[in-house]
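What's in final_0.csv: CSV, C-alpha atoms
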```csv
chain,number,residue,atom,x,y,z
G,1,MET,CA,-97.2,28.0,31.3
G,2,PHE,CA,-99.6,30.7,32.7
G,3,SER,CA,-99.4,31.5,36.4
G,4,PHE,CA,-102.3,33.4,38.0
G,5,GLN,CA,-102.2,35.0,41.4
G,6,PRO,CA,-105.6,35.8,43.1
G,7,ILE,CA,-104.2,39.2,44.1
G,8,GLU,CA,-104.2,40.1,40.4
G,9,LEU,CA,-108.0,40.2,40.5
G,10,VAL,CA,-107.7,43.0,43.1
G,11,GLY,CA,-105.5,44.9,40.7
G,12,TYR,CA,-107.8,44.4,37.8
G,13,ALA,CA,-110.9,45.3,39.8
G,14,ALA,CA,-109.1,48.5,41.0
G,15,SER,CA,-108.2,49.4,37.5
G,16,ILE,CA,-111.8,49.0,36.4
G,17,LEU,CA,-113.2,51.1,39.2
G,18,ILE,CA,-110.7,53.9,38.5
G,19,VAL,CA,-111.8,53.9,34.8
G,20,ILE,CA,-115.5,53.8,35.8
G,21,SER,CA,-114.9,56.7,38.2
G,22,LEU,CA,-113.4,58.9,35.5
G,23,THR,CA,-116.6,58.5,33.3
G,24,MET,CA,-118.8,60.0,36.0
G,25,THR,CA,-120.1,63.5,35.9
G,26,ASP,CA,-121.3,63.6,39.5
G,27,MET,CA,-118.2,64.6,41.5
G,28,TYR,CA,-119.4,63.0,44.7
G,29,LYS,CA,-119.9,59.6,43.1
G,30,LEU,CA,-116.6,60.0,41.2
G,31,ARG,CA,-114.7,60.6,44.5
G,32,ILE,CA,-116.4,57.6,46.2
G,33,ILE,CA,-115.8,55.1,43.4
G,34,ASN,CA,-112.2,56.5,42.8
G,35,SER,CA,-111.5,56.1,46.5
G,36,ILE,CA,-112.7,52.4,46.5
G,37,GLY,CA,-110.4,51.8,43.5
G,38,CYS,CA,-107.5,53.5,45.1
G,39,LEU,CA,-108.0,51.4,48.3
G,40,MET,CA,-107.9,48.3,46.2
G,41,PHE,CA,-104.7,49.5,44.6
G,42,VAL,CA,-103.2,50.1,48.1
G,43,ILE,CA,-104.1,46.5,49.0
G,44,TYR,CA,-102.7,45.3,45.7
G,45,GLY,CA,-99.5,47.4,46.0
G,46,LEU,CA,-98.8,46.2,49.5
G,47,ASN,CA,-99.3,42.6,48.6
G,48,VAL,CA,-97.1,42.6,45.5
G,49,GLY,CA,-94.4,44.8,47.0
G,50,ALA,CA,-95.2,47.8,44.7
G,51,TYR,CA,-94.9,50.4,47.5
G,52,PRO,CA,-94.9,53.4,45.2
G,53,VAL,CA,-98.3,52.3,43.9
G,54,ALA,CA,-99.6,51.8,47.4
G,55,LEU,CA,-98.3,55.2,48.6
G,56,ALA,CA,-99.6,57.2,45.6
G,57,ASN,CA,-103.0,55.7,45.9
G,58,ALA,CA,-103.1,56.2,49.7
G,59,ILE,CA,-102.4,59.9,49.0
G,60,ILE,CA,-105.1,60.0,46.4
G,61,ILE,CA,-107.6,58.6,49.0
G,62,ILE,CA,-106.7,61.4,51.4
G,63,ILE,CA,-107.2,64.0,48.6
G,64,ASN,CA,-110.6,62.4,47.8
G,65,ILE,CA,-111.7,62.5,51.4
G,66,TYR,CA,-110.7,66.1,51.6
G,67,ASN,CA,-112.6,67.0,48.5
G,68,LEU,CA,-115.6,64.9,49.6
G,69,TYR,CA,-115.6,66.9,52.9
G,70,LYS,CA,-115.5,70.2,50.8
G,71,LEU,CA,-118.4,68.9,48.6
G,72,ARG,CA,-120.5,68.1,51.6
G,73,GLY,CA,-119.8,71.5,53.1
G,74,SER,CA,-120.9,73.3,49.9
G,75,ASP,CA,-124.1,71.3,49.8
G,76,ASN,CA,-125.0,72.4,53.3
G,77,LYS,CA,-124.5,76.1,52.5
G,78,SER,CA,-127.3,76.1,49.8
```

Mind turning this structure into structure tokens?
Amino acid sequence: MFSFQPIELVGYAASILIVISLTMTDMYKLRIINSIGCLMFVIYGLNVGAYPVALANAIIIIINIYNLYKLRGSDNKS
């Protein structure tokens, strides 16, 4: 009938976090929440064999970390 895998909860939670991150106006919070969602998508992708999903989200995490570093640097220059 209906088969449910626990890893699906990780995928749903990741989706929710990504959507929540895109509603934020604070770029720092957006990058943090988005990175957590992406990390969950990496875990999900690796577990279900969706390697393009895992790879794309791993790259997005790196981009988020780079932008967080730049944001922190601009805060210190004020």

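Shortest atom-to-atom contact with G:Tyr28 among G:Phe4, G:Tyr51, G:Tyr66, G:Tyr12: G:Tyr66, counting all atoms listed in the file.
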
### Message
Could you check the closest approach to G:Leu9 for each of G:Ala50, G:Ile43, G:Ser21, G:Met27 and tell me which residue wins, using all atoms listed in the file?
### Response
G:Ile43

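Counting all atoms listed in the file and comparing G:Ala14, G:Val19, G:Met24, G:Lys29, the residue that lies closest to G:Ala54 is G:Ala14.
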
### Query
To one decimal place, how far is atom CA of G:Ile61 from atom CA of G:Ser35 in Å?
5.3 Å

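Pairwise distance (atom CA of G:Gly37, atom CA of G:Ile18) equals 5.4 Å.
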
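Going from atom CA of G:Ile62 over to atom CA of G:Tyr44, you cover 17.5 Å.
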
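In terms of minimum interatomic distance to G:Val53, G:Phe41 ranks closest within G:Ile65, G:Phe41, G:Phe2, G:Ile33, counting all atoms listed in the file.
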
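Considering only C-alpha atoms, the residue among G:Ala58, G:Leu71, G:Ile32, G:Ile16 positioned nearest to G:Leu46 is G:Ala58.
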
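Shortest atom-to-atom contact with G:Leu68 among G:Val48, G:Leu55, G:Leu30, G:Leu39: G:Leu30, counting all atoms listed in the file.
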